[in-house]
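These notes are about the structure you will find just below.
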Amino acid sequence: MRLTTGLVLSLWFFAFQIIVLNYFARLTPKDILDKGSRLVPVLCNQTEPNVSVQVLNRPTDLSSVIPSYTDLLKLTCPELEELFTSYLEKMQYDCKKIVRYGNTGDGGWDICEDQYYIPSKNSIVYSFGIANDFSFDDAISKRRHVRVHSFDPTNNMSDHQRSDLITFHALGIADYTGTTPKGWKVARLTDIKTRLGHNQGTVEIVKIDIEEAEWLILPEIIFSESLKGTKQLLMEWHIYPDKKRKKTIITHALQILRHLYRMGFRLFKLHYNPLCNEHPKSDYRYCPEMYFVNINKNM
């Protein structure tokens, strides 16, 4: 039977669609993040060609300030750092009432208590990264009567009920669910919420301070949409002084900031942790503590 030209083209297009769909079905969240989330080393080369860096000046869409991944790769280390710091140092939401919970120094965290963002009674807070400092968890549970779930597999504690309102889990957050080579139990945020029976609208505040593991888990959190219903996101990021690692991390960080903005998260406070350079594990360049509210009320 002789095939017509139209039929041949239709069959070819159908086969092409199958190939493309199979390709994207195999991609992980880290592949999708503008191809830049694998954290492969991006070498720092001061002789790279300059591209114009758009310094933040409150445009309508702040995510447009951050260039595409391809253009980010063309920037030198100083240009990337200028873009990163200028983006962070312009607040995107004017919170009228910022309240500190926990230690005044390291270990405490701030919450925006504008009317819409005040934690409601019996709402849920996830606190990832404890070490031996429960000051934030203790303070916000007592003063706001919220239920706190504290997570850390590294501090040699077993699962336990710290108080009527605080449950500790010897579990870490990761971009997969399983066990690490060190024997720590970890899980994806979406699996943690399912395991604990928390629907998408109940976890109002998520705090993440996990000593550089944030670079692996954030793409998964973004593309699994695990932050739906979250009103406030508190994070500490860890940036290295080493030129090769710093450029890789900042390139990755800028992409994450672009995606968070598009999801509705707006920066209302920035604080650089002064203890960052004294960290026993790594000599970080700096550690910005970032505080976001989600303006997307239809989440």
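Ligands are numbered from 1 in the order shown, residues from 1 within each chain, and chains are lettered A, B, ... in the order they appear in the structure tokens.
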
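All residues of protein, DNA or RNA that reach within 9 Å of Thr202 (chain A), judged by only C-alpha atoms and not counting those fewer than 5 positions away in the chain, are A:Ser123, A:Ile124, A:Val125, A:Gly229, A:Thr230.
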
Exercise for the section: List every residue of region 129-217 of chain A that DSSP, applied to the backbone, labels as strand (DSSP E or B), and write the result as a PyMOL selection string. Expected result: chain A and resi 147-151+160-161+166-169+172-173+178-179+185-187+203-208

Could you please take those selected residues and save N, CA and C atoms as an mmCIF file, in the first residue's frame?
```
data_model
loop_
_atom_site.group_PDB
_atom_site.id
_atom_site.type_symbol
_atom_site.label_atom_id
_atom_site.label_comp_id
_atom_site.auth_asym_id
_atom_site.auth_seq_id
_atom_site.Cartn_x
_atom_site.Cartn_y
_atom_site.Cartn_z
ATOM 1 N N ARG A 147 2.010 23.597 66.485
ATOM 2 C CA ARG A 147 2.617 22.271 66.593
ATOM 3 C C ARG A 147 3.882 22.247 65.742
ATOM 4 N N VAL A 148 4.997 21.968 66.381
ATOM 5 C CA VAL A 148 6.289 21.992 65.702
ATOM 6 C C VAL A 148 6.797 20.573 65.509
ATOM 7 N N HIS A 149 7.254 20.294 64.288
ATOM 8 C CA HIS A 149 7.939 19.033 63.996
ATOM 9 C C HIS A 149 9.392 19.374 63.696
ATOM 10 N N SER A 150 10.281 18.891 64.564
ATOM 11 C CA SER A 150 11.708 19.179 64.467
ATOM 12 C C SER A 150 12.416 17.976 63.844
ATOM 13 N N PHE A 151 13.312 18.247 62.883
ATOM 14 C CA PHE A 151 13.959 17.159 62.150
ATOM 15 C C PHE A 151 15.478 17.314 62.185
ATOM 16 N N HIS A 160 11.294 11.412 69.568
ATOM 17 C CA HIS A 160 10.701 11.586 70.891
ATOM 18 C C HIS A 160 9.751 12.779 70.896
ATOM 19 N N GLN A 161 8.924 12.829 71.915
ATOM 20 C CA GLN A 161 8.009 13.948 72.122
ATOM 21 C C GLN A 161 8.687 14.915 73.077
ATOM 22 N N ILE A 166 5.780 19.793 70.583
ATOM 23 C CA ILE A 166 6.966 19.576 69.753
ATOM 24 C C ILE A 166 7.257 18.089 69.632
ATOM 25 N N THR A 167 7.344 17.624 68.382
ATOM 26 C CA THR A 167 7.715 16.241 68.090
ATOM 27 C C THR A 167 9.050 16.237 67.364
ATOM 28 N N PHE A 168 10.011 15.481 67.893
ATOM 29 C CA PHE A 168 11.318 15.395 67.242
ATOM 30 C C PHE A 168 11.395 14.113 66.407
ATOM 31 N N HIS A 169 11.934 14.266 65.185
ATOM 32 C CA HIS A 169 12.112 13.139 64.275
ATOM 33 C C HIS A 169 13.592 13.002 63.930
ATOM 34 N N GLY A 172 16.103 13.345 58.260
ATOM 35 C CA GLY A 172 16.541 14.525 57.541
ATOM 36 C C GLY A 172 15.755 14.729 56.269
ATOM 37 N N ILE A 173 15.829 15.928 55.726
ATOM 38 C CA ILE A 173 15.189 16.224 54.452
ATOM 39 C C ILE A 173 16.227 16.032 53.341
ATOM 40 N N GLY A 178 15.160 7.523 51.791
ATOM 41 C CA GLY A 178 15.975 6.337 52.007
ATOM 42 C C GLY A 178 16.958 6.548 53.144
ATOM 43 N N THR A 179 18.136 5.960 52.981
ATOM 44 C CA THR A 179 19.178 6.033 53.998
ATOM 45 C C THR A 179 20.474 6.519 53.349
ATOM 46 N N LYS A 185 18.558 8.379 58.236
ATOM 47 C CA LYS A 185 17.308 8.281 57.496
ATOM 48 C C LYS A 185 16.917 9.653 56.966
ATOM 49 N N VAL A 186 16.547 9.703 55.684
ATOM 50 C CA VAL A 186 16.162 10.965 55.047
ATOM 51 C C VAL A 186 14.921 10.727 54.197
ATOM 52 N N ALA A 187 14.234 11.813 53.867
ATOM 53 C CA ALA A 187 13.042 11.695 53.032
ATOM 54 C C ALA A 187 12.786 13.006 52.308
ATOM 55 N N VAL A 203 0.970 23.118 56.739
ATOM 56 C CA VAL A 203 2.328 23.460 57.168
ATOM 57 C C VAL A 203 2.583 24.925 56.795
ATOM 58 N N GLU A 204 2.364 25.817 57.765
ATOM 59 C CA GLU A 204 2.410 27.243 57.466
ATOM 60 C C GLU A 204 3.829 27.790 57.392
ATOM 61 N N ILE A 205 4.742 27.235 58.193
ATOM 62 C CA ILE A 205 6.112 27.747 58.238
ATOM 63 C C ILE A 205 7.086 26.592 58.051
ATOM 64 N N VAL A 206 8.062 26.787 57.154
ATOM 65 C CA VAL A 206 9.130 25.810 56.945
ATOM 66 C C VAL A 206 10.460 26.509 57.156
ATOM 67 N N LYS A 207 11.256 25.972 58.080
ATOM 68 C CA LYS A 207 12.604 26.498 58.353
ATOM 69 C C LYS A 207 13.635 25.459 57.943
ATOM 70 N N ILE A 208 14.643 25.896 57.158
ATOM 71 C CA ILE A 208 15.662 24.972 56.648
ATOM 72 C C ILE A 208 17.048 25.530 56.944
#
```

Exercise for the section: State, in Å with one decimal place, the distance from CA of Glu212 (chain A) to CA of Ala174 (chain A). Expected result: 11.5 Å

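In this comparison, which uses only C-alpha atoms, the residue of A:Glu211, A:Gly102, A:Cys77, A:Thr85 approaching Ala131 (chain A) most closely is A:Glu211.
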
Completion exercise
Counting only C-alpha atoms, closest pick from A:Gly197, A:Lys231, A:Asp106, A:Met91 relative to Ile118 (chain A) is A:Lys231

Handout entry: Given only C-alpha atoms as the counted atoms, nearest of A:Ser158, A:Thr180, A:Ser86, A:Thr251 to Pro67 (chain A)
Key =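 Result for the nearest residue to Pro67 (chain A): A:Thr251.
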
Problem - Shortest interatomic distance to Asp71 (chain A) - which of A:Gln92, A:Arg143, A:Leu254, A:Phe265, counting only C-alpha atoms - result: A:Leu254

Exercise for the section: Compare A:Thr70, A:Ser127, A:Ser135, A:Asn122 by their minimum atom-to-atom distance to Asp152 (chain A), counting only C-alpha atoms, and give me the closest one. Expected result: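 Using only C-alpha atoms, Asp152 (chain A) sits closest to A:Ser127.
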
Handout entry: Top pick for closest residue to Phe292 (chain A), considering A:Leu275, A:Cys95, A:Leu218, A:Ile249 and counting only C-alpha atoms
Key = A:Cys95

Exercise for the section: Select from region 62-152 of chain A everything DSSP, run on the backbone, classes as alpha helix (DSSP H), then give the selection as an MDAnalysis selection string. Expected result: chainID A and resid 69:72 77:88 135:144

Exercise for the section: Go ahead and compute the interatomic distance for CA of Asn294 (chain A) and CA of His145 (chain A), in Å to one decimal. Expected result: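 Pair CA of Asn294 (chain A) / CA of His145 (chain A) returns 21.5 Å.
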